[in-house]
Amino acid sequence: MVPSNTVTAFTAKPSPLLTFVMLIVLGVVGFYSLHFPPRPTTSPDPSRFRHVFVSSSSNSTVASYLRALTVHPHLSGTKPASLTARYVVNHFTTLGLQTKTVQHSALLSYPVRSSLAAHFSDGTSFEFQLTEPDTEKEVVAPYHAYSPSGAAEAAAVFVNYGREEDYRQLVAAGVEVAGCVVVARGGALPRGAVVEAAERHGAAAAAVFVERDTWREGFERGHVMRGGIGDPLSPGWSGVEGGESLGLEDSEVLKRFPKIPSLPLSAEAAERILESLGGAPLPLDWRGTLKSSKVKNVGPGPTILNFTYQGELKVATIENVFAIIKGREEPDRYVLLGNHRDAWTYGAVDPNSGTAALLDIAGRFSILLRLGWTPRRTIILCSWDAEEFGMIGSTEWVEQNLVNLRSKAVAYLNVDCAVQGPGFFAGSTPQLDDLLVEVIKQVKDPDTEGTTIYENWAAAGGNSNIQRLSGVDSDFAPFVQHAGVPSVDVYYGKDYPVYHTAFDSYNWMTKFGDPFFQRHEAVTGIWGLLALRLADDSIIPFNYLSYANQLQVYNNILSNLLDKQITLHPLNTSIQEFASAAKEANDESKKLKWQEASDRSIDMKMRALNDRLMLAERGFLDVDGLQGRQWFKHLVFGPPSDHESKLDFFPGIADSLSRMDKMSEKERLAAIQHEIWRVARAIQRAASALRGDLA
């Protein structure tokens, strides 16, 4: 016998059963360690780092970034655009951040030459200068990207905003638009929709202007592609080197482009044409909104316009730039901050006020990293290319990473034009409303001493002013409408007078937009604090009760619009189910926050709840997408096919209402009811995701 106080090596082989049990234990421990890493013995206080983030702001730093970004125009696909990408890459790498560039192939559009001359009834002629005065040669001439080349010599006719109601008024007045050069003012419809309507009514060409009190010599550049966003040669998949690409003559590609040529006009040039028109008198309701009192008639003629445009399509390489800050506890969960980098001209407002803010956030995050901060979840800073051509850079990247984004992206925070002027504005998917309000209560108002942004924003309407993200006017669109990622869009000011013109310069910003760069600081503070909360809070700060309330508002609006033969019962039931699931999730979140401690069971429960909070938005996606526009998957937020639709929510229902004049009454009611059922099922899917249970 071995004495009890003696230790002897045990050399016998364990039984197969014991080996099996040990392997299971080791596997569980390994899995657990991977997905629930040990907590730091002394967990840094996230609020301390948020305080450091806010206190490290510097308006002179942001100003220096904007100055460097706007030295040259940097239209996507050009050499200056590539140099701007290098500037962003160098900034990220100098800060010590993990940086990468992802390239895509995309079809872009550029002008070759254009001209516009007016021949007046008194025999005189005038050749318009189609660019801003004193413009440098490197500034691209005013044009509409993806306009076909073409020429027309025809009578001018004024169509107001180019809406269907405007054309109906012209028909009632006996005005024939077919064969004419349409002159339309922008603002009520997207420019592409204005051109599409002119084409539909038989116009030979279209010229679009924006009325302005100041900077009236500016031309608003922009694209007129229709039918969606992203590269037209790779619809629904990512345009990558060596990947599938449709041909230019493919029907899917051709339907994205207008059939008639178009150009932007300055307000000054447009008024000279409009004031020379004869023909039918200007409708009274148009007259009341026109800035020029000298416009009396709509034409056609007697002024004849000689219109020419020649453009070219080029497959170009575009570059998205990323900086990645790896998360400590949940590295496989992503909080993304995005801004596009490309500009029609100098881009001081659009988009580089946002780019300067993104670079400043990178600098502030690098300070936090040096102080010992590491986010709980991974933060990705995204600098997009080719947004001005239809959100191409962000869309191609979302399509390339769709599976990972749908399973791992917590939120996308977008800033396009960070500063356009005074006043704070925001849009979001509703579960982010409460977080947005909490954050703006912590940021000083840049225009009012001693107040927060929240105080002035609340006085102007507060939560009722939060816009929803149904539009396709910035890079949040592919994240919300295709990938189902909760998103926010924030900015200061709106409707600034140098939009997409050669006057959108650093000089304009320092004189008019934000002379002391305090609004830039405010947007940067909001953007960064949103990211820090989403990346560091142990439980993702979403409140789906706000979503349920918004859905109920939409339901109430629908009930006042629809025929009594159509039932909203399935929608009512699904919203009630969703509201119940949202309350349960809120209650669980509060309970876990109280129980949060060092034991592993709480970590697992928080991880499970966070996954449900993150994935609930995906429930609103439908695999079949919108009818005729399958790329758009979100059934709550997305653009209606009819730009004049009364609904800016439930796009499938909106589309069914717009198509009702093309079918019988029975078919019309069935189509609307079917879309209501589709939305109801989407809401039920989101409720099921929030609960995390199988049916």
# chains A, B, ... in the order shown; residues from 1 in each chain; ligands from 1

$ select_by_dssp --residues "region 23-177 of chain A" --states "alpha helix (DSSP H)" --output "VMD selection string"
chain A and resid 23 to 35 46 to 55 59 to 69 79 to 94 164 to 172

$ closest_atom_pairs --of "region 130-180 of chain A" --to "region 383-402 of chain A" --cutoff "12 Å" --atoms "only C-alpha atoms" --output "tab-separated table"
residue	atom	partner	partner_atom	distance
A:His144	CA	A:Phe389	CA	9.8
A:Ala145	CA	A:Phe389	CA	7.0
A:Tyr146	CA	A:Phe389	CA	8.6
A:Ser147	CA	A:Phe389	CA	11.8

$ write_last_selection --atoms "N, CA, C and O atoms" --output "PDB file, in the first residue's frame"
ATOM      1  N   HIS A 144     -25.961  66.052 -66.108  1.00  0.00           N
ATOM      2  CA  HIS A 144     -26.726  65.016 -65.426  1.00  0.00           C
ATOM      3  C   HIS A 144     -26.089  63.672 -65.750  1.00  0.00           C
ATOM      4  O   HIS A 144     -26.110  63.233 -66.915  1.00  0.00           O
ATOM      5  N   ALA A 145     -25.501  63.030 -64.750  1.00  0.00           N
ATOM      6  CA  ALA A 145     -24.875  61.732 -64.968  1.00  0.00           C
ATOM      7  C   ALA A 145     -25.913  60.726 -65.449  1.00  0.00           C
ATOM      8  O   ALA A 145     -27.028  60.673 -64.930  1.00  0.00           O
ATOM      9  N   TYR A 146     -25.527  59.939 -66.450  1.00  0.00           N
ATOM     10  CA  TYR A 146     -26.324  58.898 -67.089  1.00  0.00           C
ATOM     11  C   TYR A 146     -27.377  59.453 -68.048  1.00  0.00           C
ATOM     12  O   TYR A 146     -28.182  58.681 -68.585  1.00  0.00           O
ATOM     13  N   SER A 147     -27.356  60.778 -68.300  1.00  0.00           N
ATOM     14  CA  SER A 147     -28.188  61.308 -69.383  1.00  0.00           C
ATOM     15  C   SER A 147     -27.655  60.774 -70.706  1.00  0.00           C
ATOM     16  O   SER A 147     -26.443  60.729 -70.920  1.00  0.00           O
TER      17      SER A 147
END

$ closest_residue --among "A:Ile318, A:Leu647, A:Leu592, A:Ala197" --to "Gly77 (chain A)" --atoms "only C-alpha atoms"
A:Ile318

$ select_by_dssp --residues "region 452-589 of chain A" --states "strand (DSSP E)" --output "list in words"
Ser487, Val488, Asp489, Val490, Tyr491 and Tyr492 of chain A

$ closest_residue --among "A:Gly327, A:Gly354, A:Pro235, A:Pro651" --to "Glu521 (chain A)" --atoms "only C-alpha atoms"
A:Gly354

$ residues_around --residues "region 409-414 of chain A" --least-positions-apart "5" --cutoff "7 Å" --atoms "only C-alpha atoms" --output "JSON, numbers by chain"
{"A": [333, 334, 335, 336, 337, 338, 339, 475, 476, 485, 486, 487, 488, 489, 490, 614]}

$ write_last_selection --atoms "N, CA, C and O atoms" --output "CSV table (one decimal), in the first residue's frame"
chain,number,residue,atom,x,y,z
A,333,ARG,N,-19.4,41.6,-33.6
A,333,ARG,CA,-20.6,42.5,-33.7
A,333,ARG,C,-20.1,43.8,-34.1
A,333,ARG,O,-19.1,44.4,-33.6
A,334,TYR,N,-20.7,44.4,-35.2
A,334,TYR,CA,-20.2,45.6,-35.8
A,334,TYR,C,-21.0,46.8,-35.7
A,334,TYR,O,-22.2,46.8,-35.9
A,335,VAL,N,-20.4,47.9,-35.3
A,335,VAL,CA,-21.0,49.3,-35.3
A,335,VAL,C,-20.3,50.1,-36.4
A,335,VAL,O,-19.1,50.3,-36.3
A,336,LEU,N,-21.1,50.5,-37.4
A,336,LEU,CA,-20.4,51.1,-38.6
A,336,LEU,C,-20.8,52.6,-38.6
A,336,LEU,O,-22.0,53.0,-38.4
A,337,LEU,N,-19.8,53.4,-38.9
A,337,LEU,CA,-20.0,54.9,-39.1
A,337,LEU,C,-19.6,55.1,-40.6
A,337,LEU,O,-18.5,54.8,-41.0
A,338,GLY,N,-20.5,55.8,-41.3
A,338,GLY,CA,-20.1,56.0,-42.8
A,338,GLY,C,-20.4,57.4,-43.3
A,338,GLY,O,-21.3,58.0,-42.8
A,339,ASN,N,-19.6,57.8,-44.2
A,339,ASN,CA,-19.7,59.0,-44.9
A,339,ASN,C,-19.1,58.8,-46.3
A,339,ASN,O,-18.1,58.1,-46.5
A,475,ASP,N,-26.2,57.1,-48.1
A,475,ASP,CA,-25.6,55.8,-47.9
A,475,ASP,C,-26.3,54.9,-46.9
A,475,ASP,O,-26.0,53.7,-46.8
A,476,PHE,N,-27.3,55.4,-46.2
A,476,PHE,CA,-28.1,54.6,-45.3
A,476,PHE,C,-29.0,53.6,-46.1
A,476,PHE,O,-29.4,52.6,-45.6
A,485,VAL,N,-30.4,46.8,-41.6
A,485,VAL,CA,-29.5,47.2,-40.4
A,485,VAL,C,-30.1,48.5,-39.8
A,485,VAL,O,-30.3,49.4,-40.5
A,486,PRO,N,-30.4,48.5,-38.5
A,486,PRO,CA,-30.9,49.7,-37.9
A,486,PRO,C,-29.9,50.9,-38.2
A,486,PRO,O,-28.7,50.7,-38.1
A,487,SER,N,-30.4,52.0,-38.5
A,487,SER,CA,-29.6,53.1,-39.0
A,487,SER,C,-30.0,54.5,-38.4
A,487,SER,O,-31.2,54.7,-38.1
A,488,VAL,N,-29.1,55.4,-38.5
A,488,VAL,CA,-29.3,56.8,-38.1
A,488,VAL,C,-28.6,57.7,-39.2
A,488,VAL,O,-27.6,57.3,-39.8
A,489,ASP,N,-29.2,58.9,-39.4
A,489,ASP,CA,-28.6,59.9,-40.3
A,489,ASP,C,-28.8,61.2,-39.6
A,489,ASP,O,-29.9,61.6,-39.3
A,490,VAL,N,-27.7,61.9,-39.4
A,490,VAL,CA,-27.7,63.2,-38.7
A,490,VAL,C,-27.0,64.3,-39.4
A,490,VAL,O,-26.0,64.0,-40.2
A,614,MET,N,-30.7,43.0,-32.2
A,614,MET,CA,-30.0,43.3,-33.4
A,614,MET,C,-30.8,42.7,-34.6
A,614,MET,O,-30.9,43.4,-35.7

$ residues_around --residues "region 293-310 of chain A" --least-positions-apart "5" --cutoff "7 Å" --atoms "only C-alpha atoms" --output "MDAnalysis selection string"
chainID A and resid 111:121 149:158 181 261 274:282

$ closest_residue --among "A:Ser57, A:Asn572, A:Asn610, A:Thr429" --to "Val636 (chain A)" --atoms "only C-alpha atoms"
A:Thr429

$ atom_distance --atom1 "CA of Val208 (chain A)" --atom2 "CA of Arg221 (chain A)"
9.9 Å

$ residues_around --residues "region 543-558 of chain A" --least-positions-apart "4" --cutoff "9 Å" --atoms "only C-alpha atoms" --output "MDAnalysis selection string"
chainID A and resid 429:435 562 568 571:572 575:576 578:583 585:586 613 616 636 647 649:650 690
